[in-house]
$ cat query.csv   # CSV, C-alpha atoms and all ligand atoms
chain,number,residue,atom,x,y,z
A,17,MET,CA,14.8,14.5,-26.3
A,18,ALA,CA,14.3,15.4,-22.7
A,19,ARG,CA,11.9,13.4,-20.5
A,20,ILE,CA,9.1,15.6,-19.3
A,21,VAL,CA,7.9,14.6,-15.8
A,22,VAL,CA,4.8,16.2,-14.2
A,23,VAL,CA,4.3,16.2,-10.5
A,24,THR,CA,0.5,16.3,-10.1
A,25,SER,CA,-2.3,15.4,-7.7
A,26,GLY,CA,-5.6,17.2,-8.2
A,27,LYS,CA,-5.9,17.9,-4.5
A,28,GLY,CA,-4.0,20.9,-3.1
A,29,GLY,CA,-1.4,20.8,-0.4
A,30,VAL,CA,-0.4,17.1,-0.7
A,31,GLY,CA,3.3,17.8,-1.3
A,32,LYS,CA,3.7,18.5,-5.0
A,33,THR,CA,6.1,21.4,-4.7
A,34,THR,CA,8.1,19.7,-1.9
A,35,THR,CA,8.4,16.7,-4.2
A,36,SER,CA,9.2,18.6,-7.4
A,37,ALA,CA,12.0,20.4,-5.5
A,38,SER,CA,13.6,17.2,-4.0
A,39,PHE,CA,13.0,15.0,-7.1
A,40,ALA,CA,14.6,17.5,-9.5
A,41,THR,CA,17.4,18.1,-7.1
A,42,GLY,CA,17.9,14.4,-6.7
A,43,LEU,CA,18.1,13.8,-10.4
A,44,ALA,CA,20.7,16.6,-10.7
A,45,MET,CA,22.7,15.1,-7.8
A,46,GLN,CA,22.8,11.9,-9.9
A,47,GLY,CA,24.5,13.9,-12.7
A,48,HIS,CA,21.4,14.5,-14.9
A,49,ARG,CA,20.9,17.9,-16.3
A,50,THR,CA,17.6,18.9,-14.9
A,51,VAL,CA,15.2,21.9,-15.0
A,52,VAL,CA,12.3,22.3,-12.6
A,53,ILE,CA,9.4,24.5,-13.8
A,54,ASP,CA,6.8,26.1,-11.5
A,55,PHE,CA,3.4,26.0,-13.3
A,56,ASP,CA,1.5,27.5,-10.3
A,57,VAL,CA,1.0,30.9,-12.0
A,58,GLY,CA,-0.1,33.5,-9.4
A,59,LEU,CA,0.9,31.3,-6.4
A,60,ARG,CA,4.5,30.6,-7.1
A,61,ASN,CA,6.3,28.8,-4.3
A,62,LEU,CA,8.9,26.6,-5.8
A,63,ASP,CA,11.4,29.4,-5.8
A,64,LEU,CA,11.0,29.6,-2.0
A,65,ILE,CA,11.4,25.9,-1.5
A,66,MET,CA,14.5,25.9,-3.8
A,67,GLY,CA,15.8,29.0,-2.0
A,68,CYS,CA,16.2,31.1,-5.0
A,69,GLU,CA,13.4,33.6,-4.5
A,70,ARG,CA,15.7,36.6,-4.4
A,71,ARG,CA,17.2,35.8,-7.8
A,72,VAL,CA,14.0,35.7,-9.8
A,73,VAL,CA,14.1,38.2,-12.6
A,74,TYR,CA,12.0,36.8,-15.4
A,75,ASP,CA,9.5,34.0,-15.4
A,76,LEU,CA,7.8,31.4,-17.6
A,77,ILE,CA,5.1,33.8,-18.8
A,78,ASN,CA,7.8,36.4,-19.7
A,79,VAL,CA,9.4,33.7,-21.9
A,80,ILE,CA,6.1,32.6,-23.5
A,81,ASN,CA,5.2,36.2,-24.3
A,82,GLY,CA,8.6,36.9,-25.8
A,83,GLU,CA,9.5,39.5,-23.1
A,84,ALA,CA,12.6,37.6,-22.1
A,85,ALA,CA,14.9,34.9,-23.6
A,86,LEU,CA,14.7,31.5,-22.0
A,87,HIS,CA,18.3,31.7,-20.7
A,88,GLN,CA,17.6,34.9,-18.9
A,89,SER,CA,14.8,33.4,-16.9
A,90,LEU,CA,16.6,30.2,-15.9
A,91,ILE,CA,18.0,30.3,-12.4
A,92,LYS,CA,21.1,28.2,-11.7
A,93,ASP,CA,20.7,26.3,-8.4
A,94,LYS,CA,23.3,27.4,-5.8
A,95,HIS,CA,23.5,24.0,-4.1
A,96,THR,CA,23.5,21.6,-6.9
A,97,ASP,CA,25.3,21.4,-10.3
A,98,ASN,CA,23.2,20.4,-13.4
A,99,LEU,CA,20.1,22.1,-11.9
A,100,CYS,CA,18.0,25.1,-13.0
A,101,VAL,CA,14.7,26.6,-11.8
A,102,LEU,CA,12.2,28.3,-14.1
A,103,PRO,CA,9.9,30.3,-11.9
A,104,ALA,CA,6.2,31.0,-12.4
A,105,SER,CA,4.8,34.5,-12.7
A,106,GLN,CA,3.4,35.9,-9.5
A,107,THR,CA,1.3,38.6,-11.2
A,108,ARG,CA,0.0,37.3,-14.5
A,109,ASP,CA,-3.2,35.4,-15.3
A,110,LYS,CA,-2.8,31.7,-15.8
A,111,ASN,CA,-4.4,31.9,-19.2
A,112,ALA,CA,-1.2,33.3,-20.5
A,113,LEU,CA,0.0,29.7,-20.4
A,114,THR,CA,-0.8,28.8,-24.0
A,115,MET,CA,-0.3,25.3,-25.2
A,116,GLU,CA,1.8,26.6,-28.1
A,117,GLY,CA,3.9,28.8,-25.8
A,118,VAL,CA,4.6,26.0,-23.4
A,119,GLY,CA,5.4,23.6,-26.2
A,120,LYS,CA,8.0,26.0,-27.6
A,121,VAL,CA,9.6,26.4,-24.2
A,122,PHE,CA,9.8,22.6,-23.8
A,123,GLU,CA,11.3,22.2,-27.2
A,124,GLU,CA,14.0,24.7,-26.4
A,125,LEU,CA,14.7,23.2,-23.0
A,126,SER,CA,15.0,19.8,-24.5
A,127,LYS,CA,18.2,20.9,-26.2
A,128,ASP,CA,20.0,21.5,-22.9
A,129,PHE,CA,18.3,19.3,-20.4
A,130,GLU,CA,17.7,15.6,-19.8
A,131,TYR,CA,14.8,16.0,-17.4
A,132,ILE,CA,12.1,18.6,-17.3
A,133,VAL,CA,10.2,18.4,-14.0
A,134,CYS,CA,6.9,20.3,-13.9
A,135,ASP,CA,5.4,21.3,-10.6
A,136,SER,CA,1.7,21.4,-11.2
A,137,PRO,CA,-0.8,23.6,-9.5
A,138,ALA,CA,-3.7,22.0,-7.6
A,139,GLY,CA,-7.0,21.4,-9.3
A,140,ILE,CA,-8.0,20.2,-12.8
A,141,GLU,CA,-8.2,23.6,-14.5
A,142,HIS,CA,-6.1,25.2,-17.1
A,143,GLY,CA,-2.8,25.5,-15.2
A,144,ALA,CA,-2.9,21.9,-14.2
A,145,LEU,CA,-3.8,20.8,-17.7
A,146,MET,CA,-0.9,22.8,-19.2
A,147,ALA,CA,1.5,21.2,-16.6
A,148,LEU,CA,0.5,17.7,-17.6
A,149,TYR,CA,-0.3,18.0,-21.3
A,150,PHE,CA,3.2,17.4,-22.6
A,151,ALA,CA,4.3,14.9,-20.0
A,152,ASP,CA,6.0,11.6,-20.7
A,153,GLU,CA,5.8,10.5,-17.1
A,154,ALA,CA,3.6,11.5,-14.2
A,155,ILE,CA,4.3,11.4,-10.4
A,156,VAL,CA,0.8,11.1,-9.0
A,157,THR,CA,1.3,12.6,-5.5
A,158,THR,CA,-1.2,11.2,-3.0
A,159,ASN,CA,-1.8,11.4,0.7
A,160,PRO,CA,-3.3,8.4,2.4
A,161,GLU,CA,-6.6,10.1,2.9
A,162,VAL,CA,-10.0,9.8,1.0
A,163,SER,CA,-10.2,13.0,-0.9
A,164,SER,CA,-6.6,12.9,-2.0
A,165,VAL,CA,-7.0,9.3,-3.4
A,166,ARG,CA,-10.2,10.3,-5.2
A,167,ASP,CA,-8.6,13.3,-6.7
A,168,SER,CA,-5.6,11.3,-7.8
A,169,ASP,CA,-7.9,8.9,-9.6
A,170,ARG,CA,-9.5,11.9,-11.4
A,171,ILE,CA,-6.0,13.1,-12.5
A,172,LEU,CA,-5.2,9.6,-13.8
A,173,GLY,CA,-8.4,9.8,-15.9
A,174,ILE,CA,-7.2,13.2,-17.3
A,175,LEU,CA,-3.7,11.8,-18.0
A,176,GLN,CA,-5.3,9.0,-20.0
A,177,SER,CA,-7.7,11.2,-22.0
A,178,LYS,CA,-6.4,14.8,-22.2
A,179,SER,CA,-2.6,14.6,-22.4
A,180,ARG,CA,-0.8,15.0,-25.6
A,181,ARG,CA,0.1,11.3,-25.6
A,182,ALA,CA,-3.5,10.4,-25.2
A,183,GLU,CA,-4.7,12.8,-27.9
A,184,LEU,CA,-2.1,11.6,-30.4
A,185,ASN,CA,-2.6,8.0,-29.5
A,186,LEU,CA,1.0,7.6,-28.5
A,187,GLU,CA,2.3,5.3,-25.8
A,188,PRO,CA,0.4,6.4,-22.7
A,189,VAL,CA,2.0,8.7,-20.0
A,190,LYS,CA,3.9,6.5,-17.6
A,191,GLU,CA,2.2,6.7,-14.2
A,192,HIS,CA,4.0,6.5,-10.9
A,193,LEU,CA,2.3,6.5,-7.5
A,194,LEU,CA,4.0,8.6,-4.8
A,195,VAL,CA,2.4,8.3,-1.4
A,196,THR,CA,3.5,11.3,0.8
A,197,ARG,CA,2.9,12.4,4.4
A,198,TYR,CA,2.7,8.8,5.4
A,199,ASN,CA,2.4,8.2,9.1
A,200,PRO,CA,3.1,4.6,10.0
A,201,SER,CA,2.0,4.9,13.6
A,202,ARG,CA,-1.5,6.1,12.5
A,203,VAL,CA,-1.6,3.4,9.9
A,204,ASP,CA,-0.8,0.9,12.7
A,205,ASN,CA,-3.7,2.3,14.8
A,206,GLY,CA,-6.0,1.8,11.9
A,207,ASP,CA,-6.9,5.4,11.2
A,208,MET,CA,-4.9,6.0,8.1
A,209,LEU,CA,-5.1,4.1,4.8
A,210,THR,CA,-2.1,1.8,4.3
A,211,VAL,CA,0.2,2.0,1.3
A,212,GLU,CA,-1.4,-1.3,0.0
A,213,ASP,CA,-4.9,0.3,0.3
A,214,VAL,CA,-3.9,3.2,-1.8
A,215,THR,CA,-2.0,1.1,-4.4
A,216,ASP,CA,-5.0,-1.3,-4.6
A,217,ILE,CA,-7.4,1.5,-5.3
A,218,LEU,CA,-5.4,3.5,-7.8
A,219,ALA,CA,-3.8,0.4,-9.4
A,220,ILE,CA,-0.6,2.0,-10.6
A,221,PRO,CA,3.0,1.1,-9.7
A,222,LEU,CA,4.3,2.5,-6.4
A,223,LEU,CA,7.4,4.6,-6.8
A,224,ALA,CA,8.0,5.6,-3.2
A,225,VAL,CA,6.5,6.4,0.2
A,226,ILE,CA,7.6,9.7,1.8
A,227,PRO,CA,6.9,9.7,5.5
A,228,GLU,CA,5.4,12.7,7.3
A,229,SER,CA,8.4,14.3,8.7
A,230,PRO,CA,9.3,17.5,10.7
A,231,SER,CA,12.4,17.8,8.5
A,232,VAL,CA,10.3,18.9,5.6
A,233,LEU,CA,9.2,22.1,7.4
A,234,LYS,CA,12.8,22.8,8.5
A,235,ALA,CA,14.0,22.3,4.9
A,236,SER,CA,11.5,24.8,3.6
A,237,ASN,CA,12.4,27.3,6.3
A,238,HIS,CA,16.0,27.2,5.0
A,239,GLY,CA,15.1,27.0,1.3
A,240,ILE,CA,17.1,23.8,0.8
A,241,PRO,CA,15.2,20.8,-0.6
A,242,VAL,CA,14.9,18.1,2.1
A,243,VAL,CA,16.6,15.6,-0.2
A,244,HIS,CA,19.9,17.3,0.8
A,245,GLN,CA,19.4,16.4,4.4
A,246,GLN,CA,21.4,13.3,4.9
A,247,ASP,CA,19.9,12.1,8.2
A,248,SER,CA,16.3,13.0,7.5
A,249,ASP,CA,13.8,10.1,6.9
A,250,ALA,CA,12.0,12.2,4.2
A,251,GLY,CA,15.3,13.1,2.6
A,252,GLN,CA,16.3,9.4,2.4
A,253,ALA,CA,12.9,8.5,1.1
A,254,TYR,CA,13.3,11.1,-1.7
A,255,ARG,CA,16.8,9.8,-2.5
A,256,ASP,CA,15.3,6.3,-2.8
A,257,MET,CA,12.6,7.6,-5.0
A,258,VAL,CA,15.1,9.2,-7.4
A,259,ALA,CA,17.2,6.0,-7.5
A,260,ARG,CA,14.1,3.9,-8.2
A,261,PHE,CA,13.0,6.3,-10.9
A,262,LEU,CA,16.4,5.9,-12.5
A,263,GLY,CA,16.0,2.1,-12.5
A,264,ALA,CA,17.4,0.9,-9.2
A,265,GLU,CA,15.5,-1.8,-7.3
A,266,LEU,CA,15.3,-0.8,-3.6
A,267,PRO,CA,13.0,-2.0,-0.8
A,268,HIS,CA,10.5,0.5,0.5
A,269,ARG,CA,11.5,2.1,3.8
A,270,PHE,CA,9.8,4.1,6.4
A,271,ILE,CA,6.5,2.3,6.2
A,272,GLU,CA,6.8,0.5,9.5
A,273,PRO,CA,6.0,2.4,12.8
A,274,PRO,CA,8.9,3.3,15.1
A,275,ARG,CA,10.0,0.5,17.5
A,276,LYS,CA,7.5,-0.1,20.3
A,277,GLY,CA,8.1,-0.6,24.0
A,278,PHE,CA,8.7,-4.1,25.3
A,279,LEU,CA,5.1,-4.7,26.5
A,280,GLN,CA,3.4,-3.5,23.4
A,281,LYS,CA,5.7,-5.6,21.4
A,282,MET,CA,4.8,-8.7,23.3
A,283,PHE,CA,1.1,-8.2,22.6
A,284,ARG,CA,1.7,-7.4,18.9
A,285,SER,CA,4.3,-10.0,18.1
A,286,ARG,CA,1.8,-12.7,17.3
A,287,ALA,CA,-0.7,-10.4,15.5
B,16,MET,CA,-10.0,-17.4,20.5
B,17,SER,CA,-6.8,-17.2,22.4
B,18,LEU,CA,-6.2,-14.7,25.2
B,19,LEU,CA,-3.8,-12.9,23.0
B,20,ASP,CA,-6.4,-12.3,20.3
B,21,MET,CA,-8.4,-10.2,22.8
B,22,PHE,CA,-5.6,-7.7,23.0
B,23,LYS,CA,-5.5,-7.2,19.2
B,24,SER,CA,-7.8,-4.6,17.9
B,25,ASN,CA,-10.5,-5.9,15.6
B,26,LYS,CA,-8.8,-4.2,12.7
B,27,GLU,CA,-10.2,-5.6,9.6
B,28,SER,CA,-13.8,-4.6,10.0
B,29,THR,CA,-14.1,-1.7,12.4
B,30,CYS,CA,-11.1,0.7,12.1
B,31,SER,CA,-11.8,3.9,10.2
B,32,ALA,CA,-9.1,3.2,7.6
B,33,SER,CA,-11.0,0.2,6.4
B,34,VAL,CA,-14.2,2.1,6.2
B,35,ALA,CA,-12.3,4.7,4.1
B,36,LYS,CA,-11.0,2.0,1.8
B,37,GLN,CA,-14.4,0.4,1.2
B,38,ARG,CA,-16.0,3.8,0.5
B,39,LEU,CA,-13.2,4.7,-1.9
B,40,GLN,CA,-13.4,1.4,-3.8
B,41,ILE,CA,-17.1,1.9,-4.5
B,42,LEU,CA,-16.7,5.6,-5.4
B,43,VAL,CA,-13.7,5.2,-7.6
B,44,ALA,CA,-15.2,2.3,-9.5
B,45,HIS,CA,-18.3,4.4,-10.1
B,46,GLU,CA,-16.4,7.4,-11.2
B,47,ARG,CA,-14.2,5.4,-13.6
B,48,MET,CA,-17.3,3.9,-15.2
B,49,SER,CA,-18.9,7.3,-15.9
B,50,ARG,CA,-15.6,8.4,-17.3
B,51,SER,CA,-15.3,5.5,-19.7
B,52,THR,CA,-18.9,5.7,-20.9
B,53,SER,CA,-18.2,9.0,-22.6
B,54,HIS,CA,-21.4,11.0,-23.2
B,55,ASP,CA,-19.9,13.0,-26.0
B,56,PHE,CA,-22.0,11.2,-28.6
B,57,LEU,CA,-25.3,12.0,-27.0
B,58,PRO,CA,-26.2,15.1,-29.1
B,59,ALA,CA,-25.3,13.4,-32.4
B,60,MET,CA,-27.3,10.3,-31.4
B,61,GLN,CA,-30.2,12.6,-30.4
B,62,GLU,CA,-30.2,14.1,-33.9
B,63,ASP,CA,-30.2,10.6,-35.5
B,64,ILE,CA,-33.0,9.3,-33.3
B,65,MET,CA,-35.0,12.5,-34.1
B,66,LYS,CA,-34.6,11.9,-37.8
B,67,VAL,CA,-36.1,8.4,-37.5
B,68,VAL,CA,-38.9,9.5,-35.3
B,69,GLU,CA,-39.7,12.4,-37.6
B,70,LYS,CA,-40.0,10.0,-40.5
B,71,TYR,CA,-43.1,8.5,-38.9
B,72,ILE,CA,-44.5,11.0,-36.4
B,73,MET,CA,-44.8,14.8,-36.3
B,74,VAL,CA,-42.9,15.8,-33.1
B,75,SER,CA,-40.8,18.8,-32.2
B,76,LYS,CA,-37.4,18.5,-30.7
B,77,ASP,CA,-38.7,19.7,-27.4
B,78,ASN,CA,-40.8,16.7,-27.0
B,79,VAL,CA,-38.0,14.2,-27.2
B,80,SER,CA,-35.6,13.7,-24.3
B,81,ILE,CA,-32.6,11.3,-24.3
B,82,ARG,CA,-30.7,10.5,-21.1
B,83,LEU,CA,-27.9,8.1,-20.2
B,84,GLU,CA,-27.6,7.0,-16.6
B,85,ASN,CA,-25.2,4.8,-14.8
B,86,ASP,CA,-25.5,2.9,-11.5
B,87,GLU,CA,-23.1,0.4,-10.1
B,88,GLN,CA,-23.7,-2.4,-12.5
B,89,HIS,CA,-25.7,-1.0,-15.4
B,90,SER,CA,-26.0,1.9,-17.8
B,91,TYR,CA,-29.5,2.9,-19.0
B,92,LEU,CA,-30.4,4.8,-22.2
B,93,GLU,CA,-33.7,6.5,-21.7
B,94,VAL,CA,-35.5,7.9,-24.7
B,95,ASN,CA,-38.8,9.7,-24.1
B,96,VAL,CA,-40.9,10.8,-27.0
B,97,GLN,CA,-44.0,12.8,-26.1
B,98,LEU,CA,-46.6,12.1,-28.8
B,99,PRO,CA,-48.8,14.9,-30.1
B,100,ASP,CA,-52.5,14.7,-29.1
C,1,LIG,N1,6.5,14.5,3.9
C,1,LIG,C1,6.0,15.6,4.6
C,1,LIG,N2,6.1,15.7,5.9
C,1,LIG,C2,5.6,16.8,6.5
C,1,LIG,N3,5.1,17.9,5.9
C,1,LIG,C3,5.0,17.9,4.6
C,1,LIG,C4,5.5,16.7,3.8
C,1,LIG,N4,5.3,17.0,2.5
C,1,LIG,C5,4.7,18.2,2.4
C,1,LIG,N5,4.6,18.8,3.7
C,1,LIG,C6,4.0,20.1,4.0
C,1,LIG,O1,2.8,20.2,3.5
C,1,LIG,C7,2.5,21.5,3.0
C,1,LIG,C8,2.1,21.5,1.5
C,1,LIG,O2,3.2,21.0,0.8
C,1,LIG,P1,3.5,21.5,-0.7
C,1,LIG,O3,3.5,23.0,-0.8
C,1,LIG,O4,4.6,20.7,-1.2
C,1,LIG,O5,2.1,20.9,-1.4
C,1,LIG,P2,1.5,21.2,-2.8
C,1,LIG,O6,0.9,20.0,-3.3
C,1,LIG,O7,2.6,21.8,-3.7
C,1,LIG,O8,0.5,22.4,-2.5
C,1,LIG,P3,-0.3,23.2,-3.6
C,1,LIG,O9,-1.4,22.3,-4.1
C,1,LIG,O10,-0.9,24.4,-2.8
C,1,LIG,O11,0.6,23.7,-4.6
C,1,LIG,C9,3.8,22.3,3.3
C,1,LIG,O12,3.6,23.0,4.5
C,1,LIG,C10,4.8,21.2,3.4
C,1,LIG,O13,5.9,21.6,4.3
C,2,MG,MG,2.6,23.6,-4.9
$ encode --input "query.csv" --output "structure tokens" --more "lines below"
Ligand SMILES: Nc1ncnc2c1ncn2[C@@H]1O[C@H](COP(=O)(O)OP(=O)(O)OP(=O)(O)O)[C@@H](O)[C@H]1O
Ligand SMILES: [Mg+2]
Amino acid sequence: MARIVVVTSGKGGVGKTTTSASFATGLAMQGHRTVVIDFDVGLRNLDLIMGCERRVVYDLINVINGEAALHQSLIKDKHTDNLCVLPASQTRDKNALTMEGVGKVFEELSKDFEYIVCDSPAGIEHGALMALYFADEAIVTTNPEVSSVRDSDRILGILQSKSRRAELNLEPVKEHLLVTRYNPSRVDNGDMLTVEDVTDILAIPLLAVIPESPSVLKASNHGIPVVHQQDSDAGQAYRDMVARFLGAELPHRFIEPPRKGFLQKMFRSRA
Amino acid sequence: MSLLDMFKSNKESTCSASVAKQRLQILVAHERMSRSTSHDFLPAMQEDIMKVVEKYIMVSKDNVSIRLENDEQHSYLEVNVQLPD
């Protein structure tokens, strides 16, 4: 059976799609057969971030409605072996995502892939529920900011009550905290929550911290997930995330502010 | 207090991030509690309470209200029966 991993958050714009793209790519780079599915029906974007927007023919809803075979809708990634993208429909209504239909798609994908990564839409409505319902693991994507943390806690409640694993009383969905768009300088100034603050409040294991980084925008401009960028801090942080997810024990990087000038250092050093 | 301490910002208590943390801790604890005390059983319990009340007093359903409320430390069950004149 494939592992189904949902990238979820409640709040919009926190970095779910960016994360889904880099996480799935990272798993594939490590040799795992991976498919990444866009669940954001009506607002598809994963294809753009993955750089395959011009090769979309059929989408998830076409497959669910029997208008296309699964293999016709899967897009093989150009940059990475072992990786496929299943795009969302841009035109259909999200209610076309039926639980039965999604379940069937997962069952079929499970034959060919080791990991199924689901890019959830924002919110806690139907689309987000369908994205998380079948999950074995959840990457709870959170920005160090009040509304994002609160919404992540909401999503944790939903994972614990409305997922398939919760409904069938199976082992609970494995929860991972991913703090994204972290700005160590602002944390140091005292106007951004620290990683410890966020972990304290949400009380789930920290998988990784992704720094706020200009390379994310550049990567999306090119349609090449930032995890490919060797010298980018965010890219390195995503590679660490994947390695940790696969069991490696690595220290967390990029949570300290950049080196300070000599004078500032002197005043800080005994703090 | 050493001279050096004066240059340090008084982080713990005054910075906006620690205000954010305090507010979140209270809010999240509150919201978790209202999630865990699921109100799904309220209609059924209302039915049962009605049956008992009806055994002794003639009241209509409209004259009985049942509410569950939470604050930080307690949950209250409030049953209001308006008796006929
Ligand atoms: N680590 C980062 N550093 C800088 N910018 C980032 C980072 N992560 C995400 N962004 C930017 O934030 C914006 C939102 O990211 P993204 O689309 O991944 O979020 P999302 O959670 O999928 O949004 P939605 O809820 O709308 O689906 C994008 O412009 C993206 O480039
Ligand atoms: Mg998105």
$ residues_near_ligand --input "query.csv" --ligand "ligand LIG 1 (chain C)" --cutoff "10 Å" --atoms "only C-alpha atoms and all ligand atoms" --output "VMD selection string"
chain A and resid 23 to 37 54 to 56 59 to 62 65 135 to 139 157 to 159 195 to 199 225 to 237 242 249 to 251 253 to 254
$ closest_residue --input "query.csv" --among "B:His45, B:Glu84, B:Ile72, B:Arg50" --to "chain A" --atoms "only C-alpha atoms"
B:Arg50
$ interface_residues --input "query.csv" --of "chain B" --to "chain A" --cutoff "6 Å" --atoms "all atoms listed in the file" --output "list in words"
Cys30, Ser31 and Ala32 of chain B
$ atom_distance --input "query.csv" --atom1 "atom CA of Ala182 of chain A" --atom2 "atom CA of Ala40 of chain A"
25.0 Å
$ atom_distance --input "query.csv" --atom1 "atom CA of Leu102 of chain A" --atom2 "atom CA of Val52 of chain A"
6.2 Å
$ atom_distance --input "query.csv" --atom1 "atom CA of Ile132 of chain A" --atom2 "atom CA of Arg269 of chain A"
26.8 Å
$ residues_around --input "query.csv" --residues "Arg255 of chain A" --least-positions-apart "2" --cutoff "8 Å" --atoms "only C-alpha atoms" --output "list in words"
Phe39, Gly42, Val243, Gly251, Gln252, Ala253, Met257, Val258 and Ala259 of chain A
$ residues_around --input "query.csv" --residues "Val74 of chain B" --least-positions-apart "4" --cutoff "10 Å" --atoms "only C-alpha atoms" --output "ChimeraX atom specification"
/B:65,68-70,78-79,96-99
$ residues_near_point --input "query.csv" --point "(9.8, 31.9, -10.3)" --cutoff "6 Å" --atoms "only C-alpha atoms" --output "PDB file with C-alpha atoms, in the frame of the given file"
ATOM      1  CA  ASP A  63      11.400  29.400  -5.800  1.00  0.00           C
ATOM      2  CA  VAL A  72      14.000  35.700  -9.800  1.00  0.00           C
ATOM      3  CA  ASP A  75       9.500  34.000 -15.400  1.00  0.00           C
ATOM      4  CA  LEU A 102      12.200  28.300 -14.100  1.00  0.00           C
ATOM      5  CA  PRO A 103       9.900  30.300 -11.900  1.00  0.00           C
ATOM      6  CA  ALA A 104       6.200  31.000 -12.400  1.00  0.00           C
TER       7      ALA A 104
END
$ closest_residue --input "query.csv" --among "A:Ala144, A:Leu90, A:Leu113, A:Leu43" --to "ligand MG 2 (chain C)" --atoms "all atoms listed in the file"
A:Ala144
$ residues_near_point --input "query.csv" --point "(2.2, 13.1, -15.0)" --cutoff "8 Å" --atoms "all atoms listed in the file" --output "PyMOL selection string"
chain A and resi 21-24+148+151-156+175+189-192
$ closest_residue --input "query.csv" --among "A:Val73, A:Leu222, A:Cys134, A:Ile240" --to "ligand MG 2 (chain C)" --atoms "only C-alpha atoms and all ligand atoms"
A:Cys134
